[in-house]
>>> print(open('model_32.txt').read())   # compact mmCIF, C-alpha atoms
# COMPACT_ATOMS: atom_id res chain seq x y z
CA MET A 1 7.32 21.32 6.88
CA ASP A 2 5.44 24.24 8.46
CA ARG A 3 1.90 23.78 9.76
CA GLU A 4 0.26 25.81 6.98
CA LEU A 5 1.93 23.78 4.25
CA HIS A 6 1.11 20.54 6.07
CA ALA A 7 -2.54 21.61 6.32
CA ARG A 8 -2.53 22.10 2.54
CA LEU A 9 -0.87 18.71 2.11
CA ASP A 10 -3.58 17.14 4.29
CA GLU A 11 -6.26 18.70 2.11
CA LEU A 12 -4.59 17.42 -1.05
CA GLN A 13 -4.14 13.91 0.34
CA ARG A 14 -7.73 13.59 1.58
CA ASP A 15 -8.99 14.31 -1.96
CA PRO A 16 -6.21 14.50 -4.55
CA TYR A 17 -8.45 14.00 -7.57
CA PRO A 18 -9.24 17.68 -8.29
CA HIS A 19 -5.50 18.39 -8.29
CA TYR A 20 -4.95 15.49 -10.68
CA THR A 21 -7.62 16.76 -13.06
CA ARG A 22 -6.06 20.23 -13.21
CA ALA A 23 -2.61 18.75 -13.76
CA ARG A 24 -3.79 16.54 -16.65
CA GLN A 25 -5.47 19.54 -18.29
CA THR A 26 -2.41 21.78 -17.93
CA GLU A 27 0.28 21.73 -20.58
CA GLY A 28 3.49 20.12 -19.37
CA LEU A 29 4.04 19.05 -15.77
CA THR A 30 2.61 20.83 -12.72
CA HIS A 31 4.82 21.53 -9.70
CA LEU A 32 3.06 21.02 -6.37
CA ALA A 33 4.62 22.80 -3.38
CA GLU A 34 2.64 20.52 -1.05
CA LEU A 35 4.53 17.49 -2.40
CA ASP A 36 7.73 19.42 -3.20
CA ALA A 37 7.66 17.60 -6.54
CA TRP A 38 6.60 17.71 -10.15
CA LEU A 39 3.28 15.88 -10.49
CA VAL A 40 3.18 13.24 -13.26
CA ALA A 41 -0.56 12.83 -13.80
CA ARG A 42 -1.25 11.52 -17.31
CA ASP A 43 -1.39 7.79 -18.02
CA ALA A 44 1.09 8.00 -20.91
CA ASP A 45 3.58 10.07 -18.88
CA VAL A 46 3.35 7.77 -15.84
CA ARG A 47 4.01 4.76 -18.05
CA GLU A 48 6.97 6.51 -19.66
CA VAL A 49 8.57 7.19 -16.28
CA LEU A 50 8.01 3.61 -15.14
CA ARG A 51 9.54 2.27 -18.38
CA ARG A 52 12.75 4.27 -17.81
CA PRO A 53 14.11 3.40 -14.34
CA GLU A 54 17.60 4.35 -15.49
CA ASP A 55 16.41 7.96 -15.98
CA PHE A 56 13.97 8.10 -13.06
CA SER A 57 15.53 6.65 -9.92
CA SER A 58 13.51 5.08 -7.08
CA SER A 59 16.07 6.09 -4.44
CA LEU A 60 13.67 8.63 -2.87
CA ALA A 61 10.49 6.57 -3.35
CA LEU A 62 9.75 6.64 0.37
CA ARG A 63 11.08 10.09 1.23
CA PRO A 64 9.29 11.17 4.43
CA ASP A 65 7.00 14.18 4.55
CA VAL A 66 8.12 14.84 8.14
CA LEU A 67 11.57 14.64 9.73
CA PRO A 68 11.20 13.20 13.24
CA ALA A 69 12.52 15.19 16.20
CA PRO A 70 16.04 14.38 17.47
CA ALA A 71 14.60 12.58 20.51
CA ALA A 72 12.55 10.29 18.23
CA LEU A 73 15.55 9.71 15.96
CA ALA A 74 17.56 8.73 19.03
CA VAL A 75 14.95 6.08 19.85
CA LEU A 76 15.06 4.79 16.27
CA GLY A 77 18.82 4.47 16.62
CA GLY A 78 18.21 1.58 19.00
CA GLY A 79 16.41 -0.41 16.34
CA PHE A 80 17.29 -2.28 13.18
CA GLY A 81 16.92 -1.59 9.47
CA GLY A 82 17.74 1.62 7.68
CA ARG A 83 19.11 -0.26 4.68
CA PRO A 84 17.99 -0.19 1.02
CA VAL A 85 14.75 -2.03 0.29
CA VAL A 86 13.19 -3.18 -2.95
CA VAL A 87 11.02 -0.08 -3.56
CA THR A 88 13.97 2.32 -3.10
CA ALA A 89 16.59 0.34 -5.02
CA ASP A 90 17.65 0.64 -8.65
CA GLY A 91 19.36 -1.59 -11.21
CA ALA A 92 21.16 -4.73 -10.12
CA GLN A 93 20.50 -4.08 -6.43
CA HIS A 94 16.77 -3.84 -7.12
CA GLN A 95 16.82 -7.11 -9.03
CA GLN A 96 18.71 -8.82 -6.21
CA LEU A 97 16.29 -7.58 -3.54
CA ARG A 98 13.19 -8.29 -5.63
CA ALA A 99 14.01 -11.82 -6.81
CA PRO A 100 13.30 -13.72 -3.55
CA ILE A 101 10.08 -11.75 -3.02
CA VAL A 102 8.87 -12.64 -6.52
CA ARG A 103 9.67 -16.29 -5.81
CA GLY A 104 8.01 -16.10 -2.42
CA LEU A 105 4.83 -14.55 -3.82
CA SER A 106 4.68 -16.86 -6.85
CA PRO A 107 1.29 -18.12 -8.04
CA ALA A 108 2.04 -21.47 -6.39
CA ARG A 109 2.87 -19.83 -3.04
CA VAL A 110 -0.26 -17.67 -3.21
CA THR A 111 -2.42 -20.68 -4.09
CA ALA A 112 -0.98 -22.59 -1.15
CA VAL A 113 -1.95 -19.87 1.35
CA LEU A 114 -5.50 -19.41 0.03
CA PRO A 115 -7.15 -22.07 2.27
CA TYR A 116 -5.71 -20.31 5.32
CA ALA A 117 -6.76 -16.90 3.99
CA ALA A 118 -10.30 -18.18 3.34
CA GLU A 119 -10.48 -19.68 6.83
CA ARG A 120 -9.34 -16.43 8.45
CA ALA A 121 -11.68 -14.28 6.32
CA ALA A 122 -14.65 -16.41 7.38
CA ALA A 123 -13.57 -16.43 11.03
CA LEU A 124 -13.22 -12.64 11.12
CA VAL A 125 -16.69 -12.18 9.64
CA ASP A 126 -17.99 -14.65 12.23
CA THR A 127 -16.96 -12.24 14.98
CA PHE A 128 -19.50 -9.61 13.88
CA ALA A 129 -21.98 -11.30 11.50
CA LYS A 130 -24.72 -11.50 14.14
CA ASP A 131 -24.25 -7.99 15.51
CA GLY A 132 -26.03 -5.95 12.83
CA HIS A 133 -23.19 -3.42 12.75
CA VAL A 134 -19.40 -3.30 12.49
CA GLU A 135 -16.50 -0.91 12.06
CA LEU A 136 -14.93 -2.86 9.22
CA MET A 137 -11.42 -1.36 9.23
CA SER A 138 -10.56 -2.44 12.78
CA ALA A 139 -12.63 -5.65 12.84
CA TYR A 140 -11.52 -7.01 9.48
CA ALA A 141 -9.51 -4.90 7.02
CA ARG A 142 -6.58 -4.23 9.37
CA ARG A 143 -6.41 -7.87 10.43
CA LEU A 144 -6.71 -10.20 7.44
CA PRO A 145 -3.79 -8.89 5.31
CA GLY A 146 -1.29 -8.95 8.17
CA GLU A 147 -2.30 -12.47 9.15
CA VAL A 148 -1.94 -13.70 5.56
CA VAL A 149 1.46 -12.07 4.99
CA GLY A 150 2.57 -13.35 8.39
CA ARG A 151 1.62 -16.86 7.33
CA ILE A 152 3.62 -16.63 4.09
CA VAL A 153 6.68 -15.21 5.84
CA GLY A 154 6.37 -17.75 8.65
CA LEU A 155 5.93 -15.35 11.56
CA ASP A 156 4.44 -16.61 14.80
CA PRO A 157 0.73 -15.56 14.73
CA ALA A 158 1.18 -14.07 18.21
CA ASP A 159 3.75 -11.62 16.77
CA VAL A 160 1.63 -10.45 13.83
CA PRO A 161 -0.49 -7.79 15.63
CA GLY A 162 2.63 -6.07 16.98
CA VAL A 163 4.32 -6.07 13.60
CA VAL A 164 1.19 -4.70 11.90
CA HIS A 165 0.88 -2.01 14.59
CA GLY A 166 4.55 -1.09 14.12
CA GLY A 167 3.98 -0.69 10.39
CA HIS A 168 1.12 1.75 10.97
CA ARG A 169 3.22 3.67 13.48
CA ALA A 170 6.16 3.91 11.06
CA GLU A 171 3.86 5.54 8.52
CA GLU A 172 2.52 7.97 11.13
CA LEU A 173 6.01 8.88 12.32
CA LEU A 174 7.35 9.67 8.86
CA PHE A 175 4.27 11.14 7.18
CA ARG A 176 2.16 12.80 9.90
CA PRO A 177 2.92 15.89 12.06
CA LEU A 178 3.05 14.58 15.65
CA GLU A 179 3.97 16.26 18.91
CA GLU A 180 7.39 15.21 20.20
CA ASP A 181 6.09 12.89 22.92
CA GLU A 182 3.88 11.12 20.39
CA GLN A 183 6.83 10.86 17.99
CA ILE A 184 8.84 9.18 20.73
CA ALA A 185 5.98 6.76 21.46
CA ALA A 186 5.64 5.94 17.76
CA ALA A 187 9.39 5.41 17.45
CA GLU A 188 9.27 3.02 20.41
CA ASP A 189 6.55 1.00 18.67
CA VAL A 190 8.61 0.89 15.47
CA VAL A 191 11.70 -0.28 17.35
CA ALA A 192 9.66 -2.95 19.15
CA MET A 193 8.51 -4.24 15.75
CA GLN A 194 12.09 -4.25 14.49
CA HIS A 195 13.31 -6.24 17.48
CA THR A 196 10.53 -8.78 16.88
CA LEU A 197 11.65 -9.14 13.27
CA ASP A 198 15.31 -9.40 14.32
CA ARG A 199 14.43 -12.21 16.74
CA TYR A 200 12.60 -13.96 13.94
CA VAL A 201 15.63 -13.56 11.61
CA ARG A 202 17.96 -15.10 14.19
CA GLU A 203 15.57 -17.97 14.89
CA ARG A 204 15.06 -18.76 11.20
CA HIS A 205 18.77 -18.60 10.48
CA ALA A 206 19.39 -21.12 13.24
CA GLN A 207 16.42 -23.31 12.29
CA PRO A 208 15.38 -22.85 8.64
CA ARG A 209 11.85 -23.73 7.54
CA GLU A 210 9.83 -23.83 4.33
CA ASP A 211 8.72 -20.20 4.33
CA LEU A 212 9.46 -16.93 2.59
CA GLY A 213 11.39 -15.55 5.54
CA THR A 214 13.89 -18.40 5.40
CA GLU A 215 14.35 -17.81 1.67
CA LEU A 216 15.02 -14.10 2.25
CA ILE A 217 17.55 -14.87 4.96
CA ALA A 218 19.33 -17.38 2.74
CA SER A 219 19.40 -14.93 -0.17
CA VAL A 220 21.19 -12.34 1.99
CA THR A 221 23.60 -14.62 3.87
CA GLU A 222 24.55 -17.10 1.15
CA GLU A 223 27.45 -14.94 -0.05
CA ALA A 224 28.99 -14.82 3.44
CA ASP A 225 31.67 -17.32 4.39
CA GLY A 226 29.92 -20.23 6.01
CA GLY A 227 26.57 -18.47 5.70
CA ASP A 228 27.12 -16.61 8.98
CA LEU A 229 24.50 -14.08 10.09
CA THR A 230 26.33 -10.81 10.74
CA LEU A 231 24.97 -7.66 12.38
CA GLU A 232 24.88 -6.02 8.94
CA HIS A 233 22.84 -8.95 7.62
CA ARG A 234 20.40 -8.50 10.49
CA HIS A 235 19.95 -4.81 9.64
CA GLN A 236 19.42 -5.66 5.95
CA LEU A 237 16.90 -8.39 6.71
CA VAL A 238 14.88 -6.37 9.20
CA ALA A 239 14.65 -3.53 6.65
CA HIS A 240 13.60 -6.05 3.99
CA LEU A 241 10.97 -7.73 6.18
CA GLN A 242 9.64 -4.42 7.52
CA ASN A 243 9.15 -3.17 3.97
CA LEU A 244 7.56 -6.48 2.92
CA PHE A 245 5.09 -6.43 5.80
CA ILE A 246 4.16 -2.77 5.36
CA ALA A 247 3.70 -3.20 1.61
CA GLY A 248 1.84 -6.46 2.15
CA HIS A 249 -0.67 -5.30 4.72
CA LEU A 250 -1.10 -1.52 4.54
CA THR A 251 -2.08 -1.36 0.87
CA THR A 252 -4.35 -4.43 0.99
CA THR A 253 -6.01 -3.09 4.13
CA ALA A 254 -6.63 0.16 2.27
CA LEU A 255 -7.95 -1.60 -0.82
CA ILE A 256 -10.43 -3.62 1.23
CA GLY A 257 -11.73 -0.42 2.84
CA THR A 258 -12.07 1.62 -0.33
CA THR A 259 -13.57 -1.27 -2.30
CA VAL A 260 -16.36 -1.82 0.22
CA LEU A 261 -16.85 1.95 0.60
CA HIS A 262 -17.43 2.59 -3.09
CA LEU A 263 -19.60 -0.48 -3.60
CA LEU A 264 -21.88 0.66 -0.77
CA ARG A 265 -21.89 4.25 -2.02
CA HIS A 266 -23.36 2.76 -5.21
CA PRO A 267 -26.12 0.45 -3.89
CA ASP A 268 -27.17 -0.59 -7.39
CA GLN A 269 -23.69 -1.97 -8.03
CA TRP A 270 -23.57 -3.69 -4.63
CA GLU A 271 -26.91 -5.35 -5.40
CA LEU A 272 -25.63 -6.38 -8.84
CA LEU A 273 -22.56 -7.93 -7.24
CA CYS A 274 -24.67 -9.83 -4.71
CA ALA A 275 -26.89 -11.14 -7.50
CA GLU A 276 -24.03 -11.93 -9.88
CA PRO A 277 -20.93 -12.87 -7.83
CA GLU A 278 -19.05 -13.79 -10.99
CA ARG A 279 -18.53 -10.02 -11.35
CA ILE A 280 -16.29 -9.92 -8.25
CA PRO A 281 -12.96 -9.93 -10.21
CA ALA A 282 -14.16 -7.00 -12.35
CA ALA A 283 -15.37 -5.16 -9.23
CA ILE A 284 -11.91 -5.52 -7.69
CA GLU A 285 -10.23 -4.05 -10.76
CA GLU A 286 -12.67 -1.13 -10.89
CA ALA A 287 -12.24 -0.37 -7.19
CA ALA A 288 -8.45 -0.45 -7.58
CA ARG A 289 -8.66 1.89 -10.58
CA HIS A 290 -11.28 4.27 -9.20
CA ASP A 291 -9.64 4.99 -5.83
CA THR A 292 -6.12 3.61 -5.90
CA ALA A 293 -4.74 2.55 -2.52
CA LEU A 294 -1.13 3.38 -3.38
CA GLN A 295 -1.64 6.76 -5.03
CA GLY A 296 1.91 6.96 -6.30
CA PHE A 297 5.63 6.88 -5.60
CA ARG A 298 8.36 9.47 -5.74
CA ARG A 299 11.08 9.37 -8.39
CA VAL A 300 14.13 11.57 -9.02
CA THR A 301 15.75 12.31 -12.37
CA THR A 302 19.25 10.93 -12.86
CA ARG A 303 20.16 13.36 -15.69
CA PRO A 304 18.74 16.44 -17.40
CA LEU A 305 15.79 15.43 -19.58
CA VAL A 306 12.42 16.48 -20.99
CA LEU A 307 9.16 14.89 -19.81
CA ALA A 308 5.76 15.95 -21.19
CA GLY A 309 7.44 19.01 -22.70
CA THR A 310 8.87 20.13 -19.34
CA GLU A 311 12.65 20.46 -19.03
CA LEU A 312 13.92 18.87 -15.84
CA PRO A 313 17.45 19.05 -14.40
CA ALA A 314 19.23 16.10 -12.83
CA GLY A 315 17.95 15.56 -9.31
CA ALA A 316 14.43 16.85 -10.01
CA PRO A 317 11.86 15.25 -7.67
CA LEU A 318 8.70 13.77 -9.21
CA PHE A 319 5.53 12.32 -7.75
CA VAL A 320 4.38 9.64 -10.19
CA ALA A 321 0.65 9.46 -9.53
CA PHE A 322 -0.90 6.09 -10.34
CA GLY A 323 -4.19 7.43 -8.97
CA ALA A 324 -4.14 10.31 -11.45
CA ALA A 325 -3.33 8.04 -14.41
CA ASN A 326 -6.24 5.82 -13.44
CA ARG A 327 -8.63 8.77 -13.93
CA ASP A 328 -7.14 9.86 -17.27
CA GLU A 329 -9.92 10.36 -19.81
CA ARG A 330 -7.47 9.50 -22.59
CA ARG A 331 -7.27 5.96 -21.23
CA HIS A 332 -10.63 5.45 -19.47
CA ALA A 333 -14.10 6.50 -20.64
CA ARG A 334 -16.06 8.32 -17.92
CA PRO A 335 -13.00 8.09 -15.65
CA ASP A 336 -14.66 9.56 -12.54
CA THR A 337 -17.56 7.08 -12.70
CA PHE A 338 -17.39 3.94 -10.55
CA ASP A 339 -18.60 1.11 -12.80
CA ILE A 340 -17.96 -2.57 -12.05
CA THR A 341 -19.08 -3.52 -15.56
CA ARG A 342 -16.21 -1.53 -17.11
CA THR A 343 -14.21 -3.40 -19.77
CA PRO A 344 -11.39 -3.32 -20.56
CA ASN A 345 -9.77 -1.90 -17.44
CA ARG A 346 -6.02 -1.53 -17.95
CA HIS A 347 -5.16 0.50 -14.88
CA LEU A 348 -1.93 1.23 -13.00
CA ALA A 349 -3.08 0.54 -9.43
CA PHE A 350 -0.36 -2.10 -8.99
CA GLY A 351 2.30 -0.18 -10.86
CA PHE A 352 4.00 -1.09 -14.11
CA GLY A 353 7.41 -2.27 -15.30
CA VAL A 354 10.29 -3.46 -13.14
CA HIS A 355 8.75 -2.00 -9.97
CA SER A 356 5.26 -3.46 -10.48
CA CYS A 357 3.79 -4.90 -7.30
CA PRO A 358 4.90 -8.53 -6.81
CA GLY A 359 2.05 -9.04 -4.34
CA SER A 360 -0.76 -7.98 -6.67
CA GLN A 361 -2.17 -11.51 -7.02
CA LEU A 362 -2.17 -11.97 -3.25
CA ALA A 363 -3.99 -8.65 -2.78
CA ARG A 364 -6.58 -9.53 -5.42
CA GLU A 365 -7.22 -12.93 -3.84
CA GLN A 366 -7.84 -11.37 -0.42
CA LEU A 367 -10.28 -8.91 -1.99
CA ARG A 368 -12.02 -11.79 -3.76
CA LEU A 369 -12.40 -13.74 -0.51
CA THR A 370 -13.63 -10.61 1.28
CA LEU A 371 -16.30 -9.83 -1.30
CA GLN A 372 -17.41 -13.45 -1.45
CA GLU A 373 -17.89 -13.47 2.33
CA LEU A 374 -19.69 -10.13 2.51
CA THR A 375 -21.99 -10.54 -0.51
CA THR A 376 -22.97 -14.06 0.53
CA ARG A 377 -23.40 -13.58 4.26
CA LEU A 378 -24.29 -9.87 4.57
CA PRO A 379 -26.04 -8.81 1.35
CA GLY A 380 -27.98 -6.15 3.29
CA LEU A 381 -24.81 -4.17 4.11
CA ARG A 382 -25.11 -0.40 4.00
CA LEU A 383 -23.09 2.57 5.19
CA ALA A 384 -24.06 3.89 8.62
CA GLU A 385 -25.80 7.18 7.85
CA ASP A 386 -24.79 8.77 11.16
CA ARG A 387 -21.06 8.01 10.77
CA PRO A 388 -19.62 9.99 7.83
CA VAL A 389 -16.50 8.57 6.23
CA THR A 390 -13.22 10.46 6.54
CA MET A 391 -10.28 9.46 4.35
CA ARG A 392 -6.79 9.11 5.76
CA PRO A 393 -4.48 11.91 4.59
CA THR A 394 -1.88 9.71 2.93
CA MET A 395 -0.68 8.83 -0.55
CA ILE A 396 0.68 5.46 0.58
CA HIS A 397 -2.49 3.67 1.62
CA ARG A 398 -5.52 5.79 0.80
CA SER A 399 -8.41 4.42 2.84
CA PRO A 400 -11.14 5.37 5.32
CA TYR A 401 -10.07 6.01 8.90
CA ALA A 402 -13.12 3.99 9.87
CA LEU A 403 -15.95 2.32 7.97
CA HIS A 404 -19.11 1.90 10.04
CA LEU A 405 -21.60 -0.49 8.45
CA ASN A 406 -25.10 -1.68 9.32
CA TRP A 407 -27.31 -4.48 8.04
>>> encode(input="model_32.txt", output="structure tokens")
Amino acid sequence: MDRELHARLDELQRDPYPHYTRARQTEGLTHLAELDAWLVARDADVREVLRRPEDFSSSLALRPDVLPAPAALAVLGGGFGGRPVVVTADGAQHQQLRAPIVRGLSPARVTAVLPYAAERAAALVDTFAKDGHVELMSAYARRLPGEVVGRIVGLDPADVPGVVHGGHRAEELLFRPLEEDEQIAAAEDVVAMQHTLDRYVRERHAQPREDLGTELIASVTEEADGGDLTLEHRHQLVAHLQNLFIAGHLTTTALIGTTVLHLLRHPDQWELLCAEPERIPAAIEEAARHDTALQGFRRVTTRPLVLAGTELPAGAPLFVAFGAANRDERRHARPDTFDITRTPNRHLAFGFGVHSCPGSQLAREQLRLTLQELTTRLPGLRLAEDRPVTMRPTMIHRSPYALHLNW
């Protein structure tokens, strides 16, 4: 992608909502050169695509915006992974990859991890509660989700920061324009993460435990003679775990940041939440709707078809925009207004259909714990007036780069 087109993509990603509005008001689908895809922006059309996975394949769901340089690709060649994962799989393969994750993130498993999550949320707030100021993304939002997912998977807490860092670097490498030396450095961080996950896979295969990681390993190796762990199994499992960690921490990190941002941009609603904490679940749903962390996923048509009156050939790329659907005036009254008293609130922030987010309950619970901590302990929170908020240019985890707060 040339620099001019990437600059336009950056502009779109930092504030996609005007593009969404134009697309919803235009007959048929709109093609966006910046995304190299047809934009699916209306709630009804997004739901139709998600209901028809046989016609709209997920195989290119994570297609990169940037192809790394050969030197960076050479570094990545020394790592693990590169196999199909749940968000890019279709049909029976998707069901096979998704099943152990759904079991691992069951309501019972989420309930079991909540005491740990509550303890960590409180401890992280302890680190800055007396300071009168904090940069919330680095001090809290980028830490809690990784620690919680690490606990469920069974990763050594000492390994979690490196795995979280590797996830951020993977996103930068594949979706940001970097100079070659920075690409190589990012690739090295990704490979380091992959080797950590491979070590974990080998250890858990040798000594199984009661954790999600052990279940994933068993689900992949059980068909092998004697349950042996082959090199191909290791590649599959590292890809699986890398995707699980990135999905489990990047989007929840983003949702924490945008939720707090919009509550503090609307002080009357923050004050209402502090006074009436029973509104926290509704506030979470409104924040997820209003500024969706995962703005959308790519799909590709498997046959010629018509969507929203637009004829599409087989192989046509689509960007299915959950964030656009969540601002559709046909579904939501006053869609651009942030309102924590909104009911009902049937949004698409966590997807829909066979690819709906299996970790949505876990994400919601972490948001609930976060808002309980902040409204109870720091009700005087406000945005730092001298530190304007800049949004990350990404459709995968839309969030502030930094969120400076005072009280």
>>> closest_residue(input="model_32.txt", among="A:Asp198, A:Glu311, A:Asp328, A:Glu11", to="A:Trp38", atoms="all atoms listed in the file")
A:Glu311
>>> atom_distance(input="model_32.txt", atom1="atom CA of A:Val102", atom2="atom CA of A:Val220")
15.0 Å
>>> residues_around(input="model_32.txt", residues="A:Val160", least_positions_apart="3", cutoff="12 Å", atoms="all atoms listed in the file", output="ChimeraX atom specification")
/A:142-157,163-167,193,196-197,200,242,245-246,249
>>> write_last_selection(input="model_32.txt", atoms="C-alpha atoms", output="short mmCIF file (atom, residue, chain, number, x, y, z; two decimals), in the coordinates of the input")
data_model
loop_
_atom_site.label_atom_id
_atom_site.label_comp_id
_atom_site.auth_asym_id
_atom_site.auth_seq_id
_atom_site.Cartn_x
_atom_site.Cartn_y
_atom_site.Cartn_z
CA ARG A 142 -6.58 -4.23 9.37
CA ARG A 143 -6.41 -7.87 10.43
CA LEU A 144 -6.71 -10.20 7.44
CA PRO A 145 -3.79 -8.89 5.31
CA GLY A 146 -1.29 -8.95 8.17
CA GLU A 147 -2.30 -12.47 9.15
CA VAL A 148 -1.94 -13.70 5.56
CA VAL A 149 1.46 -12.07 4.99
CA GLY A 150 2.57 -13.35 8.39
CA ARG A 151 1.62 -16.86 7.33
CA ILE A 152 3.62 -16.63 4.09
CA VAL A 153 6.68 -15.21 5.84
CA GLY A 154 6.37 -17.75 8.65
CA LEU A 155 5.93 -15.35 11.56
CA ASP A 156 4.44 -16.61 14.80
CA PRO A 157 0.73 -15.56 14.73
CA VAL A 163 4.32 -6.07 13.60
CA VAL A 164 1.19 -4.70 11.90
CA HIS A 165 0.88 -2.01 14.59
CA GLY A 166 4.55 -1.09 14.12
CA GLY A 167 3.98 -0.69 10.39
CA MET A 193 8.51 -4.24 15.75
CA THR A 196 10.53 -8.78 16.88
CA LEU A 197 11.65 -9.14 13.27
CA TYR A 200 12.60 -13.96 13.94
CA GLN A 242 9.64 -4.42 7.52
CA PHE A 245 5.09 -6.43 5.80
CA ILE A 246 4.16 -2.77 5.36
CA HIS A 249 -0.67 -5.30 4.72
#
>>> atom_distance(input="model_32.txt", atom1="atom CA of A:Asp2", atom2="atom CA of A:Phe319")
20.1 Å
>>> residues_around(input="model_32.txt", residues="stretch 372-387 of chain A", least_positions_apart="3", cutoff="7 Å", atoms="all atoms listed in the file", output="list of chain:residue names")
A:Ala122, A:Leu264, A:Cys274, A:Arg368, A:Leu369, A:His404, A:Leu405, A:Asn406, A:Trp407
>>> decode(input="model_32.txt", residues="stretch 110-121 of chain A", atoms="N, CA, C and O atoms", output="short mmCIF file (atom, residue, chain, number, x, y, z; two decimals), in the first residue's frame")
data_model
loop_
_atom_site.label_atom_id
_atom_site.label_comp_id
_atom_site.auth_asym_id
_atom_site.auth_seq_id
_atom_site.Cartn_x
_atom_site.Cartn_y
_atom_site.Cartn_z
N VAL A 110 -15.90 -18.72 33.40
CA VAL A 110 -15.81 -17.28 33.64
C VAL A 110 -16.10 -16.96 35.10
O VAL A 110 -15.38 -16.18 35.74
N THR A 111 -17.13 -17.56 35.65
CA THR A 111 -17.46 -17.34 37.06
C THR A 111 -16.30 -17.73 37.96
O THR A 111 -15.99 -17.04 38.95
N ALA A 112 -15.62 -18.82 37.61
CA ALA A 112 -14.52 -19.30 38.44
C ALA A 112 -13.34 -18.33 38.46
O ALA A 112 -12.61 -18.25 39.46
N VAL A 113 -13.14 -17.59 37.36
CA VAL A 113 -11.99 -16.69 37.30
C VAL A 113 -12.30 -15.30 37.87
O VAL A 113 -11.39 -14.49 38.08
N LEU A 114 -13.58 -15.02 38.16
CA LEU A 114 -13.95 -13.67 38.59
C LEU A 114 -13.27 -13.23 39.89
O LEU A 114 -12.87 -12.06 39.99
N PRO A 115 -13.13 -14.09 40.91
CA PRO A 115 -12.42 -13.62 42.11
C PRO A 115 -11.00 -13.16 41.80
O PRO A 115 -10.54 -12.14 42.34
N TYR A 116 -10.30 -13.88 40.94
CA TYR A 116 -8.96 -13.46 40.54
C TYR A 116 -9.02 -12.14 39.78
O TYR A 116 -8.21 -11.22 40.04
N ALA A 117 -9.96 -12.02 38.85
CA ALA A 117 -10.08 -10.79 38.07
C ALA A 117 -10.38 -9.60 38.98
O ALA A 117 -9.82 -8.51 38.81
N ALA A 118 -11.26 -9.80 39.96
CA ALA A 118 -11.60 -8.72 40.90
C ALA A 118 -10.39 -8.33 41.74
O ALA A 118 -10.13 -7.14 41.98
N GLU A 119 -9.62 -9.33 42.16
CA GLU A 119 -8.41 -9.06 42.95
C GLU A 119 -7.41 -8.26 42.14
O GLU A 119 -6.81 -7.28 42.64
N ARG A 120 -7.20 -8.64 40.88
CA ARG A 120 -6.23 -7.95 40.04
C ARG A 120 -6.71 -6.54 39.68
O ARG A 120 -5.93 -5.60 39.64
N ALA A 121 -8.02 -6.38 39.43
CA ALA A 121 -8.55 -5.05 39.12
C ALA A 121 -8.29 -4.10 40.30
O ALA A 121 -7.83 -2.96 40.12
#
